[in-house]
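**Q** Pasting in a structure now, in structure tokens, and then I'll have a few things to ask.
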Amino acid sequence: MNRDARVEAFVAAFEALRAEVEKVIVGHHEVITHVLIGMFAGGHVLLEGVPGLGKTLLIKTLSEGLELSFSRIQFTPDLMPADIIGTNIIVEDADGRKHFQFQHGPIFAHILLADEINRATPKTQSALLEGMQEGAVTVGGASRPLPAPFFVLATQNPIEMEGTYPLPEAQLDRFLFKLRVRYPALDELNAIIDRTTQSRPATVSRVLSGPAVLSFRELIREVPIASHVRDFASAIVMATHPQWEQAPEVARRFVRYGASPRAAQALVLGAKVRALAEGRYNVSVEDIKALAAPALRHRVILNFEGEAEGVDTDTLVARVLDNTEAATAQGREPFLR
Amino acid sequence: MNESPRIEGLLRRIRREIGRRRAEYYGLRGAFWGAVAGVVVLLAKHAVGGAAAWAAAALVILGAVAGIGYGAARRVARGDAARVADRAFGLDDRVATTLEWAERADRTRLVDSLVADTVARVEALELKRVVGRVVPREGRLLAVPVLACLVLAITPPIPMPSGRLPDFLPSGEEEREERVSSSMLEETSRPTAKDPLKRPSLEERDFAQRAGGSGATTTGDLSAIFKDTSLASQRPDFNSFMKKGDERLRMLEQVDRLPDLQSDFTSSQYKMVYRKSKALTGGLRPDQISPQKLRELLEEMERLGRKGGGNWSGDAMEGMEALEGGQPDRALDAMQKALDKMRAMDEAQRSGKGLRGGRDNDRSGRGRDRARGDGVGPEDQDFGEGEGLMPGRGRSGSPKGEATQRLRASPYDVGVEGESRRGRKDGYDTNLTGRGGSMASRLQYLGVIGQYRKAMEDAITREQVPRDFHDQIRSYFQALDER
């Protein structure tokens with residue numbers, strides 16, 4: 001298979017998977033695209049939206065389209081870390097001798113749906129930290145690798161704040177993207193009604209295997225990126241830092257902590273997937289701009305003034321993007337540079 | 001890069017285009033500033049001569065040519081050209097990425113696909129002009145200096161200004177003007193009577209020059225304010241205070257220049273010696289007192305008496321002789337006498353004679369003025385001793401309040417708690433009975449009587465006590481004295 005064929009295969013697989021998901025999920029085209037981008041980039045995705053918008057259904061449908069194991073954890077306040085990771089239990093063998101045996105938790109799956117992740121305590125939420133970053137968990141002093149590919153899809157509800165525990169910044173930073181699931185439009189709502197009230201629900205086919213996902217991840221890392229595009233991504237991330245001397249006024253005024261280097265990694269990796277999904281062999285500035293909001297909105301921490309003013313991180317990121325574009329070579333007349 | 005002559009051709013074309021636009025841009029700017037310089041030259045046509053118009057035209061052309069040359073000479077980077085091509089033809093940074101990655105050693109196989117894809121896309125392009133023209137601000141304003149150049153070129157030269165203004169006046173008037181101006185200069189050079197920037201209250205010369213003031217006071221010595229008899233005798237008057245304030249109060253704002261009243265009026269020789277004597281004799285019998293220290297104190301008192309003209313030198317000498325004769329009791333009595341005399345002199349000085357020394361003169365001066373018909377206003381009225389104007393009440397007997405200081409000035413008011421004075425007591429203890437009977441009185445009877453007598457005298461003088469009762473009151477106090 002030559003390279004072009006692999007790219008073609010990736011584009012085909014990407015589109016097939018999206019088509020399978022869209023059999024069930026109405027609308028949310030951008031959310032589905034970004035979920036797939038996150039998955040192929042090797043990251044984890046946090047979906048935020050009010051109840052009933054199909055977040056959990058989207059993830060379940062995605063898991064059905066992949067030949068991968070799937071676990072679902074309904075996060076509750078009394079959930080314990082051992083309920084996620086697993087624990088050592090005493091078992092008796094045929095000879096009557098007792099010994100410890102590790103009972104795998106639901107985290108040992110390719111796709112993990114952490115439903116309403118903000119309903120568990122930070123202690124339990126933190127049980128995911130090692131697995132999300134290292135691809136392994138440590139139980140009883142032994143490190144146990146998670147199956148690859150490992151992909152966490154979490155959901156959270158932004159309005160029911162009673163009895164919830166906001167995710168710690170360290171946990172948030174481990175999500176490649178944070179996606180906001182919007183309310184469907186009228187025609188989309190009509191389509192949802194038609195699909196969900198039929199006698200036979202749509203069936204989803206498995207179109208992609210685990211090894212294929214891993215090979216695509218390797219392919220994605222080969223996508224070249226021009227230095228000025230990389231510089232643009234770095235400048236966006238730096239511009240979210242109020243301490244940076246070239247930070248725009250909006251960041252200086254409303255931001256307490258800017259995005260971490262993981263944000264730049266997320267931008268570039270996601271841009272590579274997006275470029276390849278569009279059949280391109282290189283990353284463009286437009287890819288970076290398209291993924292700036294999903295990659296940065298949960299990594300920019302507003303200060304008190306920003307919270308008090310009700311500043312929306314999406315709006316802030318958009319303004320940072322505009323400022324950065326104007327300040328870099330992208331926004332200047334070529335012959336005046 | 002050798003992948004595609006088409007890509008190279010595209011970049012060359014864009015670089016040429018960018019160079020052309022730069023030349024236009026900087027040419028317009030150069031022409032503008034050349035035209036501005038031309039305007040300056042044409043303004044000086046009177047001095048430059050007929051070549052000014054040609055010089056101005058040359059400057060405009062020179063500026064434009066210099067700008068064009070600068071713009072064209074600026075190098076256009078291949079990366080910039082590639083990015084312009086990507087943006088102009090919608091190539092999504094393919095050309096720029098291809099240029100950068102095609103020659104890298106770590107190029108992946110995907111880069112080959114990128115290059116092939118880019119070449120294919122560039123070859124399929126329909127080339128067009130992609131770099132837009134940008135007119136600088138100077139270009140939009142270029143017409144202004146160019147028109148100014150044209151107008152100045154066809155108008156006659158403007159005469160250059162000479163060193164002095166043209167002569168608009170006849171010769172006689174000019175001379176008069178000069179005279180007037182010189183007199184005005186004299187006027188301005190004359191020292192002003194009063195510096196407007198200087199607060200009137202800060203002008204110290206007022207006090208040094210005032211009639212009746214002490215000639216010994218120097219400029220800056222604000223103690224003169226308090227010794228100045230004209231100020232000291234100034235009567236408090238609410239109306240004048242409302243009009244111009246109280247000069248003495250304004251003086252008090254100058255904290256750093258106020259006289260040291262503590263050292264001037266409270267540290268008298270008497271007090272100093274008194275403190276030493278108390279430190280020497282406090283709680284000790286005469287035979288327990290150090291003769292050496294007592295002698296030193298008596299010597300000091302004698303010296304002060306000789307130096308200051310006091311009449312206690314003899315007592316001090318007598319005490320020293322008694323001490324030499326081994327009679328400390330007599331020495332102490334002599335010291336006490338000398339102290340009493342020092343106190344009497346001190347009291348005489350503190351009673352205000354010194355401060356009011358010039359008041360009589362001032363008052364008599366005023367009286368003379370009044371006799372001449374001057375100063376007949378309410379502020380210039382003369383008053384008797386202790387009289388003055390009370391705001392809203394007119395003439396008052398006690399405008400300065402009660403003389404509480406005089407009570408403390410009694411020679412008998414010295415009483416140390418828990419210690420009665422030695423020797424024969426000239427008065428009666430006032431608390432001989434009751435719970436305090438066992439304790440010595442803190443106030444001497446005669447001292448108290450003396451204070452009340454003074455208060456009585458003041459009351460008779462200042463308050464409206466019927467004259468017929470004056471003798472009766474005095475008789476009563478006389479009877480008390482005889483006890």
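For the structure tokens, the naming scheme is as follows: chains receive sequential letters (A, B, ...) according to their order of presentation, residues are indexed from 1 within each chain, and ligands are indexed from 1 in presentation order.
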Given a cut-off of 8 Å, which residues of chain B touch chain A, counting only C-alpha atoms, written out as a PyMOL selection string?
**A** chain B and resi 18-19+21-22+76+80-81+84+92-94+96-97+100-101+108-111+113-114
**Q** Which polymer residues have any atom within 12 Å of an atom of Leu302 (chain A), counting only C-alpha atoms, with same-chain residues fewer than 6 positions away left out, as JSON, numbers by chain?
**A** {"A": [169, 240, 241, 242, 250, 251, 252, 253, 254, 255, 256, 257, 258, 259, 308, 309, 310, 311, 312, 313, 314, 316, 317]}
**Q** Show which residues sit within 6 Å of region 122-136 of chain B, as a PDB file with N, CA and C atoms, in the first residue's frame. Count only C-alpha atoms, and ignore same-chain residues fewer than 3 positions away.
**A**
ATOM      1  N   ALA B  88      -3.469  33.171  -1.899  1.00  0.00           N
ATOM      2  CA  ALA B  88      -4.121  33.724  -3.082  1.00  0.00           C
ATOM      3  C   ALA B  88      -4.838  32.642  -3.889  1.00  0.00           C
ATOM      4  N   VAL B 119       2.537  19.928  -6.625  1.00  0.00           N
ATOM      5  CA  VAL B 119       2.921  20.169  -8.021  1.00  0.00           C
ATOM      6  C   VAL B 119       1.706  20.049  -8.927  1.00  0.00           C
ATOM      7  N   GLY B 139       0.700  58.557  -0.062  1.00  0.00           N
ATOM      8  CA  GLY B 139       0.220  58.557  -1.431  1.00  0.00           C
ATOM      9  C   GLY B 139      -1.114  59.258  -1.560  1.00  0.00           C
TER      10      GLY B 139
END
**Q** What is the CA of Leu99 (chain B)-CA of Arg13 (chain B) distance in Å, reported with one decimal?
**A**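 Rounded to one decimal, the two atoms are 15.8 Å apart.
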**Q** Using DSSP on the backbone coordinates, identify all residues within region 217-324 of chain A classified as strand (DSSP E); present the result as a list in words.
**A**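 Answer for region 217-324 of chain A restricted to strand (DSSP E) is Val255, Arg256, Tyr257, Ile301 and Leu302 of chain A.
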**Q** Restricting the output to N, CA and C atoms, write the selected residues as a CSV table (one decimal), in the first residue's frame.
**A**
chain,number,residue,atom,x,y,z
A,255,VAL,N,-7.8,36.5,32.0
A,255,VAL,CA,-7.3,35.1,32.2
A,255,VAL,C,-6.4,35.1,33.4
A,256,ARG,N,-6.5,34.0,34.2
A,256,ARG,CA,-5.7,33.8,35.3
A,256,ARG,C,-4.5,32.9,34.9
A,257,TYR,N,-4.8,31.7,34.3
A,257,TYR,CA,-3.8,30.8,33.8
A,257,TYR,C,-4.1,30.5,32.4
A,301,ILE,N,-8.0,29.3,32.2
A,301,ILE,CA,-8.7,29.5,33.4
A,301,ILE,C,-8.9,31.0,33.6
A,302,LEU,N,-10.2,31.3,33.8
A,302,LEU,CA,-10.5,32.8,33.9
A,302,LEU,C,-10.2,33.2,35.3
**Q** Which one of B:Arg29, B:Thr98, B:Pro159, B:Leu150 sits closest to Ala44 (chain B) if you count only C-alpha atoms?
**A** B:Pro159
**Q** Near region 117-125 of chain A, counting only C-alpha atoms, which residues have an atom at most 6 Å away, once you skip same-chain residues fewer than 3 positions from it, shown as a short mmCIF file (atom, residue, chain, number, x, y, z; two decimals) with N, CA and C atoms, in the first residue's frame?
**A**
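New file around35.cif:
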data_model
loop_
_atom_site.label_atom_id
_atom_site.label_comp_id
_atom_site.auth_asym_id
_atom_site.auth_seq_id
_atom_site.Cartn_x
_atom_site.Cartn_y
_atom_site.Cartn_z
N PHE A 75 -20.80 7.75 36.69
CA PHE A 75 -20.15 8.37 37.84
C PHE A 75 -21.19 8.86 38.84
N THR A 76 -21.00 8.46 40.08
CA THR A 76 -21.87 8.88 41.17
C THR A 76 -21.00 9.33 42.35
N PRO A 77 -21.57 10.05 43.28
CA PRO A 77 -20.75 10.53 44.40
C PRO A 77 -20.13 9.42 45.24
N MET A 80 -15.99 4.75 43.97
CA MET A 80 -14.64 4.75 44.51
C MET A 80 -13.63 4.45 43.40
N PRO A 81 -12.37 4.82 43.59
CA PRO A 81 -11.37 4.55 42.56
C PRO A 81 -11.27 3.07 42.21
N ALA A 114 -17.17 7.69 30.43
CA ALA A 114 -17.31 8.17 31.81
C ALA A 114 -18.49 9.13 31.83
N LEU A 128 -8.65 8.29 37.02
CA LEU A 128 -8.47 8.21 35.57
C LEU A 128 -7.17 8.86 35.10
N GLN A 156 -20.36 15.57 30.75
CA GLN A 156 -20.72 16.30 31.96
C GLN A 156 -21.81 17.31 31.63
N THR A 164 -22.32 18.18 42.33
CA THR A 164 -21.28 17.85 41.35
C THR A 164 -19.93 18.34 41.85
N TYR A 165 -18.92 17.76 41.28
CA TYR A 165 -17.55 18.13 41.64
C TYR A 165 -16.84 18.54 40.35
N PRO A 166 -16.61 19.83 40.18
CA PRO A 166 -15.92 20.26 38.95
C PRO A 166 -14.59 19.56 38.79
#
**Q** Given the choices A:Ser234, A:Gln265, A:Gln171, A:Thr196, which gets closest to Ile25 (chain A) if the distance is worked out from only C-alpha atoms?
**A**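 Ranking A:Ser234, A:Gln265, A:Gln171, A:Thr196 by distance to Ile25 (chain A), first place goes to A:Thr196.
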**Q** Within 9 Å of Ile84 (chain A), counting only C-alpha atoms, which residues show up once you throw out same-chain ones fewer than 5 positions away? Write them as a ChimeraX atom specification, please.
**A** /A:73,79,104-108,124,127-128
**Q** Would you mind exporting the chosen residues as a PDB file, in the first residue's frame, restricted to C-alpha atoms?
**A**
ATOM      1  CA  ILE A  73     -19.091   3.986  34.097  1.00  0.00           C
ATOM      2  CA  LEU A  79     -18.102   5.749  43.315  1.00  0.00           C
ATOM      3  CA  HIS A 104      -9.982  -5.709  36.369  1.00  0.00           C
ATOM      4  CA  GLY A 105     -12.072  -2.613  36.621  1.00  0.00           C
ATOM      5  CA  PRO A 106     -14.083  -1.107  33.790  1.00  0.00           C
ATOM      6  CA  ILE A 107     -11.149   1.098  32.839  1.00  0.00           C
ATOM      7  CA  PHE A 108      -9.636  -1.919  31.099  1.00  0.00           C
ATOM      8  CA  THR A 124     -12.476   9.032  42.025  1.00  0.00           C
ATOM      9  CA  ALA A 127      -8.371   7.521  39.280  1.00  0.00           C
ATOM     10  CA  LEU A 128      -8.469   8.209  35.571  1.00  0.00           C
TER      11      LEU A 128
END
**Q** Skipping near chain neighbours, those fewer than 3 positions away, what residues fall within 8 Å of region 43-52 of chain A using only C-alpha atoms, listed as a PyMOL selection string?
**A** chain A and resi 35+38-40+55+132+151-159+174-182
**Q** Go ahead and save the residues from that selection, with C-alpha atoms, as a PDB file, in the first residue's frame.
**A**
ATOM      1  CA  VAL A  35     -14.748  13.287  18.523  1.00  0.00           C
ATOM      2  CA  GLY A  38      -9.701  13.269  19.075  1.00  0.00           C
ATOM      3  CA  MET A  39      -9.855   9.529  18.841  1.00  0.00           C
ATOM      4  CA  PHE A  40      -7.449   9.320  15.863  1.00  0.00           C
ATOM      5  CA  LYS A  55     -23.937  12.739  24.306  1.00  0.00           C
ATOM      6  CA  MET A 132      -5.445   8.751  30.492  1.00  0.00           C
ATOM      7  CA  PHE A 151      -9.943   6.250  24.499  1.00  0.00           C
ATOM      8  CA  VAL A 152     -11.880   8.014  27.252  1.00  0.00           C
ATOM      9  CA  LEU A 153     -15.057   9.800  26.342  1.00  0.00           C
ATOM     10  CA  ALA A 154     -16.555  11.676  29.255  1.00  0.00           C
ATOM     11  CA  THR A 155     -19.737  13.639  29.541  1.00  0.00           C
ATOM     12  CA  GLN A 156     -20.719  16.304  31.962  1.00  0.00           C
ATOM     13  CA  ASN A 157     -23.704  18.492  32.543  1.00  0.00           C
ATOM     14  CA  PRO A 158     -22.936  22.211  32.786  1.00  0.00           C
ATOM     15  CA  ILE A 159     -26.166  23.319  34.458  1.00  0.00           C
ATOM     16  CA  ARG A 174      -5.707  15.522  30.004  1.00  0.00           C
ATOM     17  CA  PHE A 175      -8.654  15.809  27.689  1.00  0.00           C
ATOM     18  CA  LEU A 176      -7.508  16.616  24.183  1.00  0.00           C
ATOM     19  CA  PHE A 177     -10.725  18.407  23.373  1.00  0.00           C
ATOM     20  CA  LYS A 178     -13.676  19.698  25.242  1.00  0.00           C
ATOM     21  CA  LEU A 179     -16.704  19.733  22.991  1.00  0.00           C
ATOM     22  CA  ARG A 180     -19.899  21.589  23.625  1.00  0.00           C
ATOM     23  CA  VAL A 181     -23.003  19.778  22.482  1.00  0.00           C
ATOM     24  CA  ARG A 182     -25.527  22.375  21.374  1.00  0.00           C
TER      25      ARG A 182
END
